[in-house]
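Below is one structure, written out as structure tokens, with a few remarks after it.
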Amino acid sequence: MRGDPVDGEPARRSGPAPGRRTARRAARPRAVPPRRHPSAALTVAAARPRPGGSRVPPGLQRAAGYAWRLLVVGAALYAVLVLLGRLVLPVVAVFAALVITAILRPAADLLGRVMPRTVAVLLTVLGALLLLAGLLSLVGETVAGEWSSLGHEFRGGLDRIERWLEGAPFHVRPSAVSDLQSKLGSFLSAHRSTLISTAVGEAGRVVEAVTGAALALFCSVFFIHSGSAMWRWGERQLPADARPVWGRAGRAAWRSFAGYTRGIMIVAASNAVLVGIALTVLGVPLALPLTVLEFFATLIPLIGSPIAMAVAAVVALAAKGPVTALIVLALIVVIGQIEGHLLHPIVMSWAVRIHPVVVALSVTAGGILAGVIGAAVALPLVSVLWAVVLELRADGDSA
């Protein structure tokens, strides 16, 4: 039979042929081990205990990673600050140009609807210059007109201050006041040359200020006229995939900066009007120059307005006596409450809202790093950065 073994031949096994079995094995899918990312392999290798060494905790590894990254970022920021410190004049001029643009561009856009854009920009800038020149000339005329009578008032005020210090509750001896006056006079006479050389040295700062003002005016004309076109040109220089992100960040930054600038101008004007009315009612001399000082000082949050009011209190003390000076000092608290609880929440609602602690820390840090300029620039810079962060974070959440 076909199934029986033949003599001399081994019996054949029943089942599939060897060729078929090999084909089936080849057709079976093989399990491919998952590939590990090189960074994961490095992490595993770093976490393994090495011979003769101790295992580094994962928390320490993460802290070390953040530490060297923060060191790199800090070094980059320090390099940027050093560069900006060398280029103070153009940086301040560009910042002032952006402030001028934020204030005057709405008027230029409004005039641009009924006349050519170039003519609208020129009329807006010239009108602002004439308004500023008229205000400064009015202040100069006020000071010149009150200067003669102001000297007599100040001398009489100093006599009143001396009598006030000699009475209760201070009981200062008359000899102490005369000694202080003589020491002050001898100090001024001894350091007259130093004071003159310092004044001459400050003349160079005046030239720098005039140069910076001219550069700011020059840049602001072009920013008002074609700032949007300049920004679009800058976007085209970036890679195509980075343009949408930079576009959103730029628009958010400008909205925050323009809103903050217009809002702080309105707050400063409101404070100046309140101070001017109060000083006029109290009969304090130089009310108009002190009002203008209050306006510009309010541009520095938290500390500007109290400093201007302290100057007004000194003038009131010398001209009208301690009672009027105390009333002027009380105005610091009143105006501060009006500004903090009424003007800022209403006027600054379109700008980025920042916590008062952040405002105080920003102004303090800016003043330490760059003086008065840093104190004035710190808060709008923080507002712009926070607006950009919120814009990019909202876009990431929506994506």
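In the structure tokens, chains take letters A, B, ... by order of appearance, with residues numbered from 1 within each chain and ligands from 1 in the order shown.
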With only C-alpha atoms as the counted atoms, please give the residues lying no more than 6 Å from stretch 83-95 of chain A, apart from itself and same-chain residues fewer than 6 positions off, as a PDB file with N, CA, C and O atoms, in the first residue's frame.
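Final file, part07.pdb:
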```pdb
ATOM      1  N   GLY A 212      17.797 114.159  21.733  1.00  0.00           N
ATOM      2  CA  GLY A 212      16.823 113.077  21.872  1.00  0.00           C
ATOM      3  C   GLY A 212      15.411 113.511  21.522  1.00  0.00           C
ATOM      4  O   GLY A 212      14.654 112.746  20.896  1.00  0.00           O
ATOM      5  N   LEU A 215      15.188 113.661  17.738  1.00  0.00           N
ATOM      6  CA  LEU A 215      15.125 112.307  17.171  1.00  0.00           C
ATOM      7  C   LEU A 215      13.763 111.665  17.426  1.00  0.00           C
ATOM      8  O   LEU A 215      13.209 110.983  16.545  1.00  0.00           O
ATOM      9  N   ALA A 216      13.199 111.887  18.619  1.00  0.00           N
ATOM     10  CA  ALA A 216      11.873 111.337  18.919  1.00  0.00           C
ATOM     11  C   ALA A 216      10.810 111.944  18.016  1.00  0.00           C
ATOM     12  O   ALA A 216       9.919 111.233  17.515  1.00  0.00           O
TER      13      ALA A 216
END
```
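Between atom CA of A:Ala67 and atom CA of A:Ala253 the interatomic distance comes to 29.2 Å.
Counting only C-alpha atoms, the residue from A:Pro301, A:Gly340, A:Pro380, A:Pro116 that sits nearest to A:Trp254 is A:Pro380.
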One number please: atom CA of A:Glu146 to atom CA of A:Ala310, in Å, one decimal. 20.5 Å
Can you pull out the residues contacting A:Ala128? Cut-off 12 Å, using only C-alpha atoms, and skip same-chain residues under 2 positions away; I want them as a list of chain:residue names. A:Ile100, A:Thr101, A:Ile103, A:Leu104, A:Arg105, A:Ala107, A:Ala108, A:Val121, A:Leu122, A:Leu123, A:Thr124, A:Val125, A:Leu126, A:Leu130, A:Leu131, A:Leu132, A:Ala133, A:Gly134, A:Leu135, A:Leu217, A:Val221
Please identify every residue of stretch 292-329 of chain A that has at least one atom no farther than 10 Å from an atom of stretch 268-280 of chain A, counting only C-alpha atoms, and for each give the shortest atom pair and the distance in Å to one decimal, arranged by chain then increasing number, as a Markdown table.
```
| residue | atom | partner | partner_atom | distance |
| --- | --- | --- | --- | --- |
| A:Val292 | CA | A:Ala272 | CA | 6.8 |
| A:Leu293 | CA | A:Ala272 | CA | 8.2 |
| A:Glu294 | CA | A:Ala272 | CA | 5.5 |
| A:Phe295 | CA | A:Ala268 | CA | 4.9 |
| A:Phe296 | CA | A:Ala268 | CA | 7.2 |
| A:Ala297 | CA | A:Ala268 | CA | 8.0 |
| A:Thr298 | CA | A:Ala268 | CA | 5.2 |
| A:Leu299 | CA | A:Ala268 | CA | 6.5 |
| A:Ile300 | CA | A:Ala268 | CA | 9.6 |
| A:Pro301 | CA | A:Ala268 | CA | 9.8 |
| A:Ser305 | CA | A:Asn271 | CA | 8.3 |
| A:Ala308 | CA | A:Val275 | CA | 10.0 |
| A:Met309 | CA | A:Val275 | CA | 8.3 |
| A:Ala312 | CA | A:Leu279 | CA | 8.4 |
| A:Ala313 | CA | A:Leu279 | CA | 9.8 |
| A:Ala316 | CA | A:Leu279 | CA | 8.8 |
| A:Thr324 | CA | A:Leu279 | CA | 9.5 |
| A:Ile327 | CA | A:Ala278 | CA | 9.5 |
| A:Val328 | CA | A:Leu279 | CA | 7.8 |
```
Which of these, A:Arg248, A:Arg262, A:Lys320, A:His341, has the shortest distance to A:Val389 once you count only C-alpha atoms?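 Among A:Arg248, A:Arg262, A:Lys320, A:His341, it is A:Arg248 that comes nearest to A:Val389.
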d(atom CA of A:Val388, atom CA of A:Arg232) in Å: 17.9 Å
Point out the residue among A:Val333, A:Leu392, A:Ala258, A:Ala79 with the least atom-to-atom distance to A:Pro244, counting only C-alpha atoms.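 Among the listed residues, the smallest separation from A:Pro244 belongs to A:Leu392.
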